[in-house]
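The file model22.pdb comes next; it holds PDB, C-alpha atoms, pLDDT in the B column.
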ATOM      1  CA  MET Z   1      10.290 -14.483  27.773  1.00 53.00           C
ATOM      2  CA  LYS Z   2       7.414 -16.832  28.507  1.00 52.00           C
ATOM      3  CA  PRO Z   3       6.347 -19.240  25.732  1.00 53.00           C
ATOM      4  CA  ALA Z   4       2.896 -17.641  25.492  1.00 53.00           C
ATOM      5  CA  ALA Z   5       4.394 -14.196  25.098  1.00 50.00           C
ATOM      6  CA  ARG Z   6       6.857 -15.466  22.497  1.00 50.00           C
ATOM      7  CA  SER Z   7       4.004 -17.072  20.570  1.00 50.00           C
ATOM      8  CA  GLY Z   8       2.057 -13.833  20.632  1.00 49.00           C
ATOM      9  CA  LEU Z   9       5.051 -11.926  19.284  1.00 44.00           C
ATOM     10  CA  VAL Z  10       5.409 -14.372  16.393  1.00 44.00           C
ATOM     11  CA  VAL Z  11       1.743 -13.920  15.498  1.00 45.00           C
ATOM     12  CA  LEU Z  12       2.095 -10.126  15.587  1.00 44.00           C
ATOM     13  CA  LEU Z  13       5.194 -10.222  13.401  1.00 43.00           C
ATOM     14  CA  GLY Z  14       3.477 -12.512  10.940  1.00 47.00           C
ATOM     15  CA  THR Z  15       0.468 -10.205  10.761  1.00 43.00           C
ATOM     16  CA  PHE Z  16       2.761  -7.222  10.222  1.00 42.00           C
ATOM     17  CA  VAL Z  17       4.542  -8.941   7.331  1.00 41.00           C
ATOM     18  CA  VAL Z  18       1.214  -9.800   5.672  1.00 37.00           C
ATOM     19  CA  LEU Z  19       0.014  -6.204   6.020  1.00 38.00           C
ATOM     20  CA  MET Z  20       3.272  -4.920   4.551  1.00 40.00           C
ATOM     21  CA  LEU Z  21       2.902  -7.214   1.554  1.00 37.00           C
ATOM     22  CA  ILE Z  22      -0.628  -5.942   0.986  1.00 37.00           C
ATOM     23  CA  ALA Z  23       0.354  -2.293   1.339  1.00 42.00           C
ATOM     24  CA  PHE Z  24       3.497  -2.605  -0.777  1.00 43.00           C
ATOM     25  CA  PRO Z  25       2.973  -5.244  -3.497  1.00 48.00           C
ATOM     26  CA  ALA Z  26       6.047  -6.581  -5.248  1.00 57.00           C
ATOM     27  CA  LEU Z  27       7.066  -4.459  -8.188  1.00 75.00           C
ATOM     28  CA  ALA Z  28       7.429  -6.196 -11.529  1.00 91.00           C
ATOM     29  CA  TYR Z  29       6.321  -5.361 -15.037  1.00 96.00           C
ATOM     30  CA  GLN Z  30       3.413  -7.448 -16.238  1.00 92.00           C
ATOM     31  CA  TYR Z  31       0.925  -7.416 -19.084  1.00 95.00           C
ATOM     32  CA  PRO Z  32      -2.001  -7.746 -19.539  1.00 95.00           C
ATOM     33  CA  LEU Z  33      -3.257  -5.905 -16.464  1.00 97.00           C
ATOM     34  CA  SER Z  34      -5.961  -7.275 -14.199  1.00 96.00           C
ATOM     35  CA  THR Z  35      -8.924  -5.179 -13.075  1.00 96.00           C
ATOM     36  CA  SER Z  36      -7.274  -4.790  -9.674  1.00 96.00           C
ATOM     37  CA  ASP Z  37      -4.092  -3.529 -11.392  1.00 97.00           C
ATOM     38  CA  ILE Z  38      -6.144  -0.962 -13.305  1.00 98.00           C
ATOM     39  CA  ARG Z  39      -7.920   0.157 -10.142  1.00 97.00           C
ATOM     40  CA  ASN Z  40      -4.725   0.394  -8.083  1.00 97.00           C
ATOM     41  CA  ALA Z  41      -2.877   2.342 -10.775  1.00 98.00           C
ATOM     42  CA  TYR Z  42      -5.758   4.775 -11.279  1.00 98.00           C
ATOM     43  CA  LEU Z  43      -6.141   5.413  -7.541  1.00 98.00           C
ATOM     44  CA  LEU Z  44      -2.385   5.871  -7.114  1.00 98.00           C
ATOM     45  CA  GLY Z  45      -2.456   8.616  -9.711  1.00 98.00           C
ATOM     46  CA  TYR Z  46      -5.635  10.184  -8.358  1.00 98.00           C
ATOM     47  CA  ALA Z  47      -4.018  10.510  -4.933  1.00 97.00           C
ATOM     48  CA  LYS Z  48      -1.723  13.197  -6.388  1.00 97.00           C
ATOM     49  CA  ASP Z  49       0.559  12.971  -3.366  1.00 97.00           C
ATOM     50  CA  LEU Z  50       4.115  11.959  -2.520  1.00 97.00           C
ATOM     51  CA  SER Z  51       3.394   8.321  -3.334  1.00 97.00           C
ATOM     52  CA  THR Z  52       2.404   9.371  -6.859  1.00 97.00           C
ATOM     53  CA  ALA Z  53       5.603  11.377  -7.333  1.00 97.00           C
ATOM     54  CA  ASN Z  54       7.710   8.545  -5.918  1.00 97.00           C
ATOM     55  CA  PHE Z  55       6.120   6.110  -8.351  1.00 98.00           C
ATOM     56  CA  PHE Z  56       7.179   8.108 -11.421  1.00 98.00           C
ATOM     57  CA  ALA Z  57      10.760   8.831 -10.279  1.00 97.00           C
ATOM     58  CA  PRO Z  58      12.441   5.582 -11.481  1.00 98.00           C
ATOM     59  CA  TYR Z  59      10.760   5.762 -14.888  1.00 98.00           C
ATOM     60  CA  ALA Z  60      12.725   8.809 -16.077  1.00 98.00           C
ATOM     61  CA  ARG Z  61      16.400   9.442 -16.814  1.00 98.00           C
ATOM     62  CA  GLN Z  62      18.024  12.861 -17.173  1.00 97.00           C
ATOM     63  CA  PHE Z  63      21.208  13.595 -19.095  1.00 97.00           C
ATOM     64  CA  PRO Z  64      23.803  16.419 -19.059  1.00 94.00           C
ATOM     65  CA  VAL Z  65      24.037  19.029 -21.803  1.00 90.00           C
ATOM     66  CA  PRO Z  66      26.431  17.923 -24.593  1.00 89.00           C
ATOM     67  CA  GLU Z  67      29.171  20.161 -25.940  1.00 86.00           C
ATOM     68  CA  SER Z  68      27.537  20.238 -29.367  1.00 84.00           C
ATOM     69  CA  GLY Z  69      24.605  18.852 -31.246  1.00 86.00           C
ATOM     70  CA  PRO Z  70      21.037  18.409 -30.004  1.00 90.00           C
ATOM     71  CA  TYR Z  71      20.409  18.005 -26.300  1.00 93.00           C
ATOM     72  CA  ILE Z  72      18.666  14.757 -25.361  1.00 96.00           C
ATOM     73  CA  ALA Z  73      17.505  15.858 -21.936  1.00 96.00           C
ATOM     74  CA  THR Z  74      15.355  12.918 -20.877  1.00 98.00           C
ATOM     75  CA  ILE Z  75      14.399   9.351 -21.695  1.00 98.00           C
ATOM     76  CA  THR Z  76      11.153   8.302 -20.050  1.00 98.00           C
ATOM     77  CA  LEU Z  77       9.583   4.850 -19.889  1.00 98.00           C
ATOM     78  CA  LYS Z  78       5.785   4.623 -19.818  1.00 98.00           C
ATOM     79  CA  THR Z  79       4.413   1.164 -19.163  1.00 98.00           C
ATOM     80  CA  PRO Z  80       0.673   0.466 -19.497  1.00 98.00           C
ATOM     81  CA  TYR Z  81       0.455   0.544 -15.681  1.00 98.00           C
ATOM     82  CA  GLY Z  82       2.243   3.901 -15.575  1.00 98.00           C
ATOM     83  CA  GLN Z  83      -0.089   5.334 -18.215  1.00 98.00           C
ATOM     84  CA  LEU Z  84      -3.044   4.430 -16.000  1.00 98.00           C
ATOM     85  CA  VAL Z  85      -1.370   6.199 -13.078  1.00 98.00           C
ATOM     86  CA  GLU Z  86      -1.117   9.272 -15.324  1.00 98.00           C
ATOM     87  CA  LEU Z  87      -4.792   8.885 -16.227  1.00 98.00           C
ATOM     88  CA  GLY Z  88      -5.778   8.963 -12.568  1.00 98.00           C
ATOM     89  CA  GLN Z  89      -3.444  11.894 -11.935  1.00 97.00           C
ATOM     90  CA  SER Z  90      -5.125  13.987 -14.622  1.00 97.00           C
ATOM     91  CA  ALA Z  91      -8.691  13.128 -13.517  1.00 96.00           C
ATOM     92  CA  LEU Z  92     -10.698  15.928 -11.917  1.00 94.00           C
ATOM     93  CA  ASN Z  93     -13.179  13.473 -10.423  1.00 93.00           C
ATOM     94  CA  ALA Z  94     -12.430   9.834  -9.700  1.00 92.00           C
ATOM     95  CA  ASP Z  95     -14.171   7.349 -12.000  1.00 95.00           C
ATOM     96  CA  VAL Z  96     -12.593   4.080 -10.968  1.00 96.00           C
ATOM     97  CA  GLN Z  97     -15.373   1.918 -12.382  1.00 96.00           C
ATOM     98  CA  GLY Z  98     -15.234   3.707 -15.718  1.00 96.00           C
ATOM     99  CA  ALA Z  99     -11.458   3.225 -15.914  1.00 97.00           C
ATOM    100  CA  GLU Z 100     -11.791  -0.475 -15.096  1.00 97.00           C
ATOM    101  CA  GLU Z 101     -14.449  -1.006 -17.750  1.00 96.00           C
ATOM    102  CA  GLU Z 102     -12.620   0.925 -20.478  1.00 96.00           C
ATOM    103  CA  TYR Z 103      -9.103  -0.405 -19.980  1.00 97.00           C
ATOM    104  CA  ALA Z 104     -10.020  -4.018 -19.231  1.00 95.00           C
ATOM    105  CA  THR Z 105     -10.414  -4.504 -22.985  1.00 93.00           C
ATOM    106  CA  ARG Z 106      -8.282  -1.640 -24.348  1.00 95.00           C
ATOM    107  CA  LYS Z 107      -4.683  -2.419 -25.200  1.00 95.00           C
ATOM    108  CA  LEU Z 108      -2.176   0.188 -24.073  1.00 97.00           C
ATOM    109  CA  PRO Z 109       1.258   0.375 -25.736  1.00 98.00           C
ATOM    110  CA  PHE Z 110       4.665   0.174 -24.101  1.00 98.00           C
ATOM    111  CA  LEU Z 111       6.102   3.673 -24.624  1.00 98.00           C
ATOM    112  CA  VAL Z 112       9.523   5.278 -24.527  1.00 98.00           C
ATOM    113  CA  GLN Z 113       9.702   9.070 -24.861  1.00 98.00           C
ATOM    114  CA  VAL Z 114      12.839  11.024 -25.746  1.00 98.00           C
ATOM    115  CA  GLY Z 115      12.910  14.702 -24.844  1.00 98.00           C
ATOM    116  CA  VAL Z 116      15.034  16.807 -27.206  1.00 96.00           C
ATOM    117  CA  VAL Z 117      15.291  20.401 -25.975  1.00 89.00           C
ATOM    118  CA  ASP Z 118      17.303  23.569 -26.419  1.00 73.00           C
ATOM    119  CA  LEU Z 119      18.186  23.312 -30.094  1.00 75.00           C
ATOM    120  CA  THR Z 120      21.728  24.583 -30.640  1.00 73.00           C
ATOM    121  CA  ALA Z 121      23.669  26.322 -33.389  1.00 73.00           C
ATOM    122  CA  THR Z 122      24.954  22.932 -34.523  1.00 76.00           C
ATOM    123  CA  TYR Z 123      21.480  21.389 -34.675  1.00 84.00           C
ATOM    124  CA  PRO Z 124      19.536  21.672 -36.821  1.00 79.00           C
ATOM    125  CA  GLY Z 125      21.696  24.411 -38.314  1.00 65.00           C
ATOM    126  CA  ALA Z 126      18.737  26.282 -39.812  1.00 52.00           C
ATOM    127  CA  PRO Z 127      15.871  28.468 -38.544  1.00 52.00           C
ATOM    128  CA  THR Z 128      13.243  26.316 -36.805  1.00 50.00           C
ATOM    129  CA  SER Z 129      10.236  28.631 -36.877  1.00 52.00           C
ATOM    130  CA  ASP Z 130       7.115  27.149 -38.377  1.00 53.00           C
ATOM    131  CA  THR Z 131       6.690  30.535 -40.080  1.00 49.00           C
ATOM    132  CA  ALA Z 132      10.122  30.279 -41.727  1.00 48.00           C
ATOM    133  CA  ALA Z 133      10.581  31.155 -45.364  1.00 44.00           C
ATOM    134  CA  PRO Z 134       9.807  28.500 -47.976  1.00 47.00           C
ATOM    135  CA  GLY Z 135      12.665  26.075 -48.421  1.00 45.00           C
ATOM    136  CA  VAL Z 136      13.741  26.230 -44.751  1.00 46.00           C
ATOM    137  CA  PRO Z 137      12.381  22.976 -43.315  1.00 64.00           C
ATOM    138  CA  LEU Z 138      11.709  22.072 -39.713  1.00 79.00           C
ATOM    139  CA  PRO Z 139      13.993  19.463 -38.156  1.00 86.00           C
ATOM    140  CA  ASP Z 140      12.996  15.910 -39.043  1.00 92.00           C
ATOM    141  CA  PHE Z 141      13.136  14.529 -35.528  1.00 94.00           C
ATOM    142  CA  GLN Z 142      11.838  11.105 -36.488  1.00 94.00           C
ATOM    143  CA  ARG Z 143      14.588  10.668 -39.081  1.00 95.00           C
ATOM    144  CA  ASP Z 144      17.353  12.288 -37.027  1.00 95.00           C
ATOM    145  CA  PHE Z 145      16.949  10.192 -33.881  1.00 96.00           C
ATOM    146  CA  PRO Z 146      16.856   6.461 -34.707  1.00 97.00           C
ATOM    147  CA  ALA Z 147      16.392   4.330 -31.618  1.00 98.00           C
ATOM    148  CA  ARG Z 148      16.444   0.711 -30.465  1.00 98.00           C
ATOM    149  CA  LEU Z 149      14.820  -1.085 -27.556  1.00 98.00           C
ATOM    150  CA  VAL Z 150      16.823  -4.177 -26.612  1.00 98.00           C
ATOM    151  CA  GLN Z 151      16.039  -6.969 -24.169  1.00 98.00           C
ATOM    152  CA  ALA Z 152      18.187 -10.055 -23.582  1.00 96.00           C
ATOM    153  CA  GLY Z 153      20.276  -9.137 -26.609  1.00 96.00           C
ATOM    154  CA  GLN Z 154      17.280  -8.988 -28.943  1.00 97.00           C
ATOM    155  CA  GLU Z 155      15.913  -5.813 -30.513  1.00 98.00           C
ATOM    156  CA  ILE Z 156      12.181  -5.305 -30.054  1.00 98.00           C
ATOM    157  CA  ALA Z 157      10.505  -3.973 -33.191  1.00 98.00           C
ATOM    158  CA  VAL Z 158       8.996  -0.516 -32.882  1.00 98.00           C
ATOM    159  CA  GLN Z 159       5.340  -0.298 -33.927  1.00 98.00           C
ATOM    160  CA  SER Z 160       5.222   3.425 -34.610  1.00 97.00           C
ATOM    161  CA  THR Z 161       6.883   6.741 -33.859  1.00 97.00           C
ATOM    162  CA  GLN Z 162       5.159  10.016 -33.025  1.00 97.00           C
ATOM    163  CA  VAL Z 163       6.728  13.481 -32.729  1.00 97.00           C
ATOM    164  CA  TYR Z 164       5.301  16.222 -30.503  1.00 96.00           C
ATOM    165  CA  LEU Z 165       6.932  19.584 -31.208  1.00 93.00           C
ATOM    166  CA  LEU Z 166       7.882  21.924 -28.357  1.00 91.00           C
ATOM    167  CA  TYR Z 167       7.502  25.668 -28.880  1.00 87.00           C
ATOM    168  CA  SER Z 168       8.905  28.764 -27.235  1.00 82.00           C
ATOM    169  CA  ASP Z 169       7.707  32.359 -27.512  1.00 73.00           C
ATOM    170  CA  SER Z 170       9.525  34.538 -29.983  1.00 66.00           C
ATOM    171  CA  ALA Z 171       9.296  38.150 -31.110  1.00 63.00           C
ATOM    172  CA  PHE Z 172       6.206  39.595 -32.783  1.00 66.00           C
ATOM    173  CA  ASN Z 173       3.872  36.978 -31.273  1.00 67.00           C
ATOM    174  CA  THR Z 174       5.398  34.138 -33.252  1.00 73.00           C
ATOM    175  CA  TYR Z 175       6.454  30.743 -31.960  1.00 77.00           C
ATOM    176  CA  THR Z 176       9.707  28.936 -32.559  1.00 81.00           C
ATOM    177  CA  VAL Z 177      10.303  25.211 -32.380  1.00 84.00           C
ATOM    178  CA  SER Z 178      12.626  24.666 -29.434  1.00 85.00           C
ATOM    179  CA  GLY Z 179      12.656  20.882 -29.379  1.00 91.00           C
ATOM    180  CA  ALA Z 180      10.425  17.840 -29.457  1.00 95.00           C
ATOM    181  CA  THR Z 181       9.207  14.811 -27.570  1.00 97.00           C
ATOM    182  CA  ILE Z 182       9.748  11.725 -29.711  1.00 98.00           C
ATOM    183  CA  GLU Z 183       7.522   8.830 -28.704  1.00 98.00           C
ATOM    184  CA  TYR Z 184       8.370   5.251 -29.672  1.00 98.00           C
ATOM    185  CA  ARG Z 185       5.580   2.679 -29.331  1.00 98.00           C
ATOM    186  CA  TYR Z 186       6.056  -1.047 -28.749  1.00 98.00           C
ATOM    187  CA  ASP Z 187       3.811  -4.061 -28.292  1.00 98.00           C
ATOM    188  CA  PRO Z 188       3.634  -4.664 -24.500  1.00 97.00           C
ATOM    189  CA  GLU Z 189       3.199  -8.379 -25.073  1.00 96.00           C
ATOM    190  CA  LYS Z 190       6.651  -8.512 -26.689  1.00 97.00           C
ATOM    191  CA  ILE Z 191       8.282  -7.316 -23.452  1.00 97.00           C
ATOM    192  CA  ASP Z 192       9.351  -9.920 -20.913  1.00 94.00           C
ATOM    193  CA  SER Z 193       8.754  -9.233 -17.238  1.00 89.00           C
ATOM    194  CA  ASP Z 194      11.479  -9.391 -14.580  1.00 83.00           C
ATOM    195  CA  ASP Z 195      14.199  -8.486 -17.081  1.00 92.00           C
ATOM    196  CA  GLU Z 196      16.064  -5.330 -18.056  1.00 97.00           C
ATOM    197  CA  VAL Z 197      15.413  -3.342 -21.207  1.00 98.00           C
ATOM    198  CA  THR Z 198      17.984  -0.996 -22.716  1.00 98.00           C
ATOM    199  CA  PHE Z 199      16.943   1.932 -24.854  1.00 98.00           C
ATOM    200  CA  GLU Z 200      19.496   3.387 -27.260  1.00 98.00           C
ATOM    201  CA  VAL Z 201      19.083   6.562 -29.314  1.00 98.00           C
ATOM    202  CA  ARG Z 202      21.572   8.055 -31.787  1.00 97.00           C
ATOM    203  CA  THR Z 203      21.858  11.758 -32.533  1.00 95.00           C
ATOM    204  CA  PRO Z 204      22.496  13.286 -35.991  1.00 92.00           C
ATOM    205  CA  ASP Z 205      26.148  13.912 -35.034  1.00 91.00           C
ATOM    206  CA  ASP Z 206      26.640  10.226 -34.147  1.00 93.00           C
ATOM    207  CA  GLN Z 207      26.442  10.519 -30.373  1.00 93.00           C
ATOM    208  CA  ASP Z 208      24.884   7.540 -28.615  1.00 96.00           C
ATOM    209  CA  VAL Z 209      22.668   8.011 -25.579  1.00 97.00           C
ATOM    210  CA  GLU Z 210      21.359   4.954 -23.767  1.00 97.00           C
ATOM    211  CA  THR Z 211      19.834   3.911 -20.481  1.00 98.00           C
ATOM    212  CA  THR Z 212      18.596   0.712 -18.852  1.00 98.00           C
ATOM    213  CA  PHE Z 213      15.378   0.070 -16.945  1.00 98.00           C
ATOM    214  CA  ASP Z 214      15.002  -2.939 -14.646  1.00 97.00           C
ATOM    215  CA  LEU Z 215      11.472  -4.207 -15.244  1.00 97.00           C
ATOM    216  CA  GLY Z 216      11.802  -6.451 -12.230  1.00 95.00           C
ATOM    217  CA  HIS Z 217      11.409  -3.322 -10.089  1.00 95.00           C
ATOM    218  CA  LEU Z 218       8.890  -1.390 -12.199  1.00 97.00           C
ATOM    219  CA  ARG Z 219       5.192  -1.827 -12.869  1.00 96.00           C
TER     220      ARG Z 219
END
Kindly return the structure encoded in the file as structure tokens.
Amino acid sequence: MKPAARSGLVVLLGTFVVLMLIAFPALAYQYPLSTSDIRNAYLLGYAKDLSTANFFAPYARQFPVPESGPYIATITLKTPYGQLVELGQSALNADVQGAEEEYATRKLPFLVQVGVVDLTATYPGAPTSDTAAPGVPLPDFQRDFPARLVQAGQEIAVQSTQVYLLYSDSAFNTYTVSGATIEYRYDPEKIDSDDEVTFEVRTPDDQDVETTFDLGHLR
């Protein structure tokens, strides 16, 4: 190969690498988010295509059905960046400027959601209809599923916990509680970037379910 041709190939390869870095920025959790982060996340969600689906895939874990007790089906991590992707995904019309202006000063939490589904005969052990007779309480999901978020051997304090009940149709146009999404909120500034976090949740029958997310490869 002639020197001039070799030089041209090097330039082309260098240009290709630069373009690849622009198209596929390095993944790593960070907070706070810049305006360009907000814009990129919103547009990724608004695309509603394969790239959007591929983004969400590593943020969720699925678990097999246990032999007894409640079924923890999923544990899902929702970073501030991921929540902005969801915002763009749910938008009917793109408002990138509005998203940038609103979330440049609005603090989003670091979320972990636990999906408890298909209540069994061993949990909660009582009727779960919200129309049940007096004295038959609904499951106390917040009490029954204590959880910990751990990074570098240190537990990160939870700020709050929210329970969203899941319902299924029943006879006579009534609804029965079939499970819940339990959402644990954390201060995003307490989470270190480029390090793993492990989320542990305990069931009422003393089963431990845990999973680890590598923040060095997530946004």
Give me the residues of region 36-62 of chain Z that have any atom at most 8 Å from an atom of region 99-114 of chain Z; for each, the nearest atom pair and the distance in Å, rounded to one decimal. Use only C-alpha atoms, sort by chain and number, and format it as JSON lines.
{"residue": "Z:Ile38", "atom": "CA", "partner": "Z:Glu100", "partner_atom": "CA", "distance": 5.9}
{"residue": "Z:Arg39", "atom": "CA", "partner": "Z:Glu100", "partner_atom": "CA", "distance": 6.3}
{"residue": "Z:Tyr42", "atom": "CA", "partner": "Z:Ala99", "partner_atom": "CA", "distance": 7.5}
Only C-alpha atoms, please: the residues just picked out, written as a short mmCIF file (atom, residue, chain, number, x, y, z; two decimals), in the coordinates of the input.
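Wrote part.cif, looks like this:
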data_model
loop_
_atom_site.label_atom_id
_atom_site.label_comp_id
_atom_site.auth_asym_id
_atom_site.auth_seq_id
_atom_site.Cartn_x
_atom_site.Cartn_y
_atom_site.Cartn_z
CA ILE Z 38 -6.14 -0.96 -13.30
CA ARG Z 39 -7.92 0.16 -10.14
CA TYR Z 42 -5.76 4.78 -11.28
#
Restricting the calculation to only C-alpha atoms, which member of Z:Leu166, Z:Ala157, Z:Leu87, Z:Val197 is positioned closest to Asn40 (chain Z)?
Z:Leu87
Could you list, as a count of residues only, every residue matched by the PyMOL selection byres ((chain Z and resi 175-180) around 6) in this structure?
15
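Checking Z:Thr79, Z:Thr203, Z:Asn93, Z:Thr198 one by one against Tyr31 (chain Z), counting all atoms listed in the file, you find the shortest gap at Z:Thr79.
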Give as a ChimeraX atom specification the set of residues within 9 Å of the point (15.7, -8.0, -18.6), where distances use the file's coordinates and only C-alpha atoms.
/Z:150-152,191-198,213-216
What's around Val158 (chain Z) at 7 Å? Count all atoms listed in the file, leave out sequence neighbours fewer than 2 positions away in its own chain, and write the answer as a PyMOL selection string.
chain Z and resi 156+160+184-186
Residues of the last selection are to be written out with C-alpha atoms, as a short mmCIF file (atom, residue, chain, number, x, y, z; two decimals), in the frame of the given file.
data_model
loop_
_atom_site.label_atom_id
_atom_site.label_comp_id
_atom_site.auth_asym_id
_atom_site.auth_seq_id
_atom_site.Cartn_x
_atom_site.Cartn_y
_atom_site.Cartn_z
CA ILE Z 156 12.18 -5.30 -30.05
CA SER Z 160 5.22 3.42 -34.61
CA TYR Z 184 8.37 5.25 -29.67
CA ARG Z 185 5.58 2.68 -29.33
CA TYR Z 186 6.06 -1.05 -28.75
#
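Distance-wise, CA of Glu189 (chain Z) and CA of Gly98 (chain Z) end up 23.9 Å apart.
Proximity ranking of Z:Thr211, Z:Thr52, Z:Thr74, Z:Thr35 relative to Arg148 (chain Z) places Z:Thr211 first, based on all atoms listed in the file.
With all atoms listed in the file as the basis for measurement, Z:Asp37 is the residue among Z:Pro124, Z:Asp37, Z:Pro58, Z:Thr161 that approaches Val85 (chain Z) most closely.
Between CA of Gln30 (chain Z) and CA of Glu183 (chain Z) the separation is 20.9 Å.
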Spatial neighbours of Gln207 (chain Z), 12 Å, all atoms listed in the file, chain gap at least 2 places, as an mmCIF file with C-alpha atoms, in the coordinates of the input:
data_model
loop_
_atom_site.group_PDB
_atom_site.id
_atom_site.type_symbol
_atom_site.label_atom_id
_atom_site.label_comp_id
_atom_site.auth_asym_id
_atom_site.auth_seq_id
_atom_site.Cartn_x
_atom_site.Cartn_y
_atom_site.Cartn_z
ATOM 1 C CA PRO Z 66 26.431 17.923 -24.593
ATOM 2 C CA GLU Z 67 29.171 20.161 -25.940
ATOM 3 C CA SER Z 68 27.537 20.238 -29.367
ATOM 4 C CA GLY Z 69 24.605 18.852 -31.246
ATOM 5 C CA PRO Z 70 21.037 18.409 -30.004
ATOM 6 C CA TYR Z 71 20.409 18.005 -26.300
ATOM 7 C CA ILE Z 72 18.666 14.757 -25.361
ATOM 8 C CA ASP Z 144 17.353 12.288 -37.027
ATOM 9 C CA PHE Z 145 16.949 10.192 -33.881
ATOM 10 C CA PRO Z 146 16.856 6.461 -34.707
ATOM 11 C CA ALA Z 147 16.392 4.330 -31.618
ATOM 12 C CA GLU Z 200 19.496 3.387 -27.260
ATOM 13 C CA VAL Z 201 19.083 6.562 -29.314
ATOM 14 C CA ARG Z 202 21.572 8.055 -31.787
ATOM 15 C CA THR Z 203 21.858 11.758 -32.533
ATOM 16 C CA PRO Z 204 22.496 13.286 -35.991
ATOM 17 C CA ASP Z 205 26.148 13.912 -35.034
ATOM 18 C CA VAL Z 209 22.668 8.011 -25.579
ATOM 19 C CA GLU Z 210 21.359 4.954 -23.767
#
Kindly give the distance, in Å, that separates CA of Thr122 (chain Z) and CA of Ala60 (chain Z), rounded to a single decimal.
26.3 Å
Can you tell me, as a PyMOL selection string, what residues are no more than 7 Å from Gly88 (chain Z) when counting all atoms listed in the file, ignoring any on the same chain fewer than 6 positions away?
chain Z and resi 42-43+45-46
Between Z:Ala28, Z:Ala73, Z:Ala47, Z:Leu149, which one has atoms that come closest to Leu92 (chain Z), using only C-alpha atoms?
Z:Ala47
Please produce region 211-215 of chain Z, completed to all heavy atoms, as a PDB file, in the frame of the given file.
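Written out: out.pdb:
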ATOM      1  N   THR Z 211      20.122   4.131 -21.889  1.00 98.00           N
ATOM      2  CA  THR Z 211      19.834   3.911 -20.481  1.00 98.00           C
ATOM      3  C   THR Z 211      19.139   2.568 -20.333  1.00 98.00           C
ATOM      4  O   THR Z 211      18.573   2.037 -21.294  1.00 98.00           O
ATOM      5  CB  THR Z 211      18.957   5.043 -19.911  1.00 98.00           C
ATOM      6  OG1 THR Z 211      18.860   4.908 -18.482  1.00 98.00           O
ATOM      7  CG2 THR Z 211      17.553   5.014 -20.499  1.00 98.00           C
ATOM      8  N   THR Z 212      19.170   2.025 -19.128  1.00 98.00           N
ATOM      9  CA  THR Z 212      18.596   0.712 -18.852  1.00 98.00           C
ATOM     10  C   THR Z 212      17.551   0.815 -17.748  1.00 98.00           C
ATOM     11  O   THR Z 212      17.755   1.516 -16.751  1.00 98.00           O
ATOM     12  CB  THR Z 212      19.689  -0.284 -18.441  1.00 98.00           C
ATOM     13  OG1 THR Z 212      20.599  -0.456 -19.538  1.00 98.00           O
ATOM     14  CG2 THR Z 212      19.088  -1.640 -18.078  1.00 98.00           C
ATOM     15  N   PHE Z 213      16.440   0.128 -17.945  1.00 98.00           N
ATOM     16  CA  PHE Z 213      15.378   0.070 -16.945  1.00 98.00           C
ATOM     17  C   PHE Z 213      15.217  -1.387 -16.497  1.00 98.00           C
ATOM     18  O   PHE Z 213      15.113  -2.288 -17.335  1.00 98.00           O
ATOM     19  CB  PHE Z 213      14.046   0.554 -17.528  1.00 98.00           C
ATOM     20  CG  PHE Z 213      14.073   2.007 -17.954  1.00 98.00           C
ATOM     21  CD1 PHE Z 213      14.366   2.350 -19.265  1.00 98.00           C
ATOM     22  CD2 PHE Z 213      13.771   3.015 -17.059  1.00 98.00           C
ATOM     23  CE1 PHE Z 213      14.376   3.673 -19.677  1.00 98.00           C
ATOM     24  CE2 PHE Z 213      13.769   4.345 -17.453  1.00 98.00           C
ATOM     25  CZ  PHE Z 213      14.074   4.674 -18.748  1.00 98.00           C
ATOM     26  N   ASP Z 214      15.183  -1.593 -15.209  1.00 97.00           N
ATOM     27  CA  ASP Z 214      15.002  -2.939 -14.646  1.00 97.00           C
ATOM     28  C   ASP Z 214      13.522  -3.187 -14.431  1.00 97.00           C
ATOM     29  O   ASP Z 214      12.921  -2.692 -13.483  1.00 97.00           O
ATOM     30  CB  ASP Z 214      15.767  -3.047 -13.322  1.00 97.00           C
ATOM     31  CG  ASP Z 214      15.717  -4.452 -12.743  1.00 97.00           C
ATOM     32  OD1 ASP Z 214      15.068  -5.334 -13.356  1.00 97.00           O
ATOM     33  OD2 ASP Z 214      16.319  -4.678 -11.679  1.00 97.00           O
ATOM     34  N   LEU Z 215      12.909  -3.951 -15.322  1.00 97.00           N
ATOM     35  CA  LEU Z 215      11.472  -4.207 -15.244  1.00 97.00           C
ATOM     36  C   LEU Z 215      11.084  -5.066 -14.061  1.00 97.00           C
ATOM     37  O   LEU Z 215       9.923  -5.154 -13.718  1.00 97.00           O
ATOM     38  CB  LEU Z 215      10.985  -4.848 -16.548  1.00 97.00           C
ATOM     39  CG  LEU Z 215      11.149  -3.998 -17.814  1.00 97.00           C
ATOM     40  CD1 LEU Z 215      10.538  -4.720 -19.009  1.00 97.00           C
ATOM     41  CD2 LEU Z 215      10.528  -2.626 -17.649  1.00 97.00           C
TER      42      LEU Z 215
END
